[in-house]
Each structure stands twice: as structure tokens, then as C-alpha cells.
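One structure below.
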Amino acid sequence: MLHTKKKKSIRLKTTRKDITCYKIVNKSETSEEAVISLIYNYEYRIGDMYESVIAIRRPNVSEHNILAESGFHSYRRKPNPKFLGHDEFIARCTIPKGAIYSKNKDEYVSSHIIINEVIPRW
């Protein structure tokens with residue numbers, strides 16, 4: 001994670017429309033209809049909506065990093081596939097209308113997320 005000296009207060013917002021975002025995931029070994037998050041090894045079924053409370057670890061957010069203990073982390077822009085590991089994939093996701101979220105330059109933390117699809121690598 002990249003830390004910078006620029007910090008600002010966390011602002012939680014409610015989405016007024018669906019927001020497209022991206023996660024880096026591994027494919028599930030138990031189901032073709034699921035993916036696994038890289039950090040917590042959480043299994044997401046494609047198409048299902050997931051809900052969490054957002055718990056911010058620190059009262060400030062850096063330009064590139066939101067420190068949250070709970071909530072769904074995702075990227076605002078599609079990551080460059082050339083930087084992925086061999087077993088890693090990009091999933092296109094949605095933060096649905098009405099979800100609570102925070103954002104910075106690179107990422108979101110949200111109360112809800114839907115994994116829509118795994119984007120083919122090539």
C-alpha cells in the first residue's frame with residue numbers, strides 16, 4: 001500500500017446511482033460461479049449482493065489508501081492486467097445505489113458490493 005503525507009477527513013456518502021468498480025480476485029476452486037478475495041480469502045458468488053458495516057480504522061484517509069477494518073475495498077479504475085499474479089484476475093463489480101461508501105484517488109470502501117463478472121485476461 002502506498003502512503004502519502006496528504007490526508008483528509010473520511011467522508012461517508014450514499015450512492016445516488018450504481019457505481020462500477022473493480023476487485024482483484026482469485027478463481028474459486030470449489031465453484032465456477034464464485035471468486036475469492038485476495039486479502040481475506042472471502043468467497044463471493046458472482047451476481048449476489050454482499051453487505052457489510054463500514055468501520056474506519058483511522059479518522060483520516062491518505063490520497064491512495066483508506067484504512068478500514070470492515071467494508072468492501074475496490075478500485076475506482078480497472079487495474080492494469082500486466083501487474084497481476086499468475087492466478088489473479090480482475091472482477092467488474094457494482095456498488096449499488098443506496099450503499100454507503102468512501103473514496104479516495106484510487107479506491108472505494110463500501111457497505112455493499114456485487115461481483116458482476118471476471119474479466120478475461122486476454
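Note on naming: chains are A, B, ... as they come in the C-alpha cells, residues start from 1 per chain, ligands start from 1 in the order shown.
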
Within 8 Å of A:Val53, counting only C-alpha atoms, which residues show up once you throw out same-chain ones fewer than 3 positions away? Write them as a PyMOL selection string, please. chain A and resi 70-71+111

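Among the candidate residues A:Tyr40, A:Phe83, A:Tyr22, A:Phe72, the one lying nearest to A:Ser52 is A:Phe72, with distances computed using only C-alpha atoms.
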
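For the atom pair formed by atom CA of A:Lys13 and atom CA of A:Glu43, the distance is 26.2 Å, given to one decimal.
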
For a test of reading the model, state the distance in Å between atom CA of A:Cys21 and atom CA of A:Ile115, rounded to one decimal. 9.3 Å

Write down as a PyMOL selection string the residues of stretch 7-104 of chain A whose backbone DSSP state falls under strand (DSSP E or B). chain A and resi 7-9+13-14+19-27+34-37+43-45+49-51+55-56+60-62+68-70+72-75+88-95+100-103

Any idea what's packed within 9 Å of A:Ile100, counting only C-alpha atoms, ignoring anything in its chain fewer than 5 positions away? Could you give it as a PyMOL selection string? chain A and resi 12-15+53-54+95+109-112

Which polymer residues have any atom within 10 Å of an atom of A:Tyr75, counting only C-alpha atoms, with same-chain residues fewer than 6 positions away left out, as a PyMOL selection string? chain A and resi 20-24+92-93+103-109

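For the atom pair formed by atom CA of A:Glu32 and atom CA of A:Ala91, the distance is 13.4 Å, given to one decimal.
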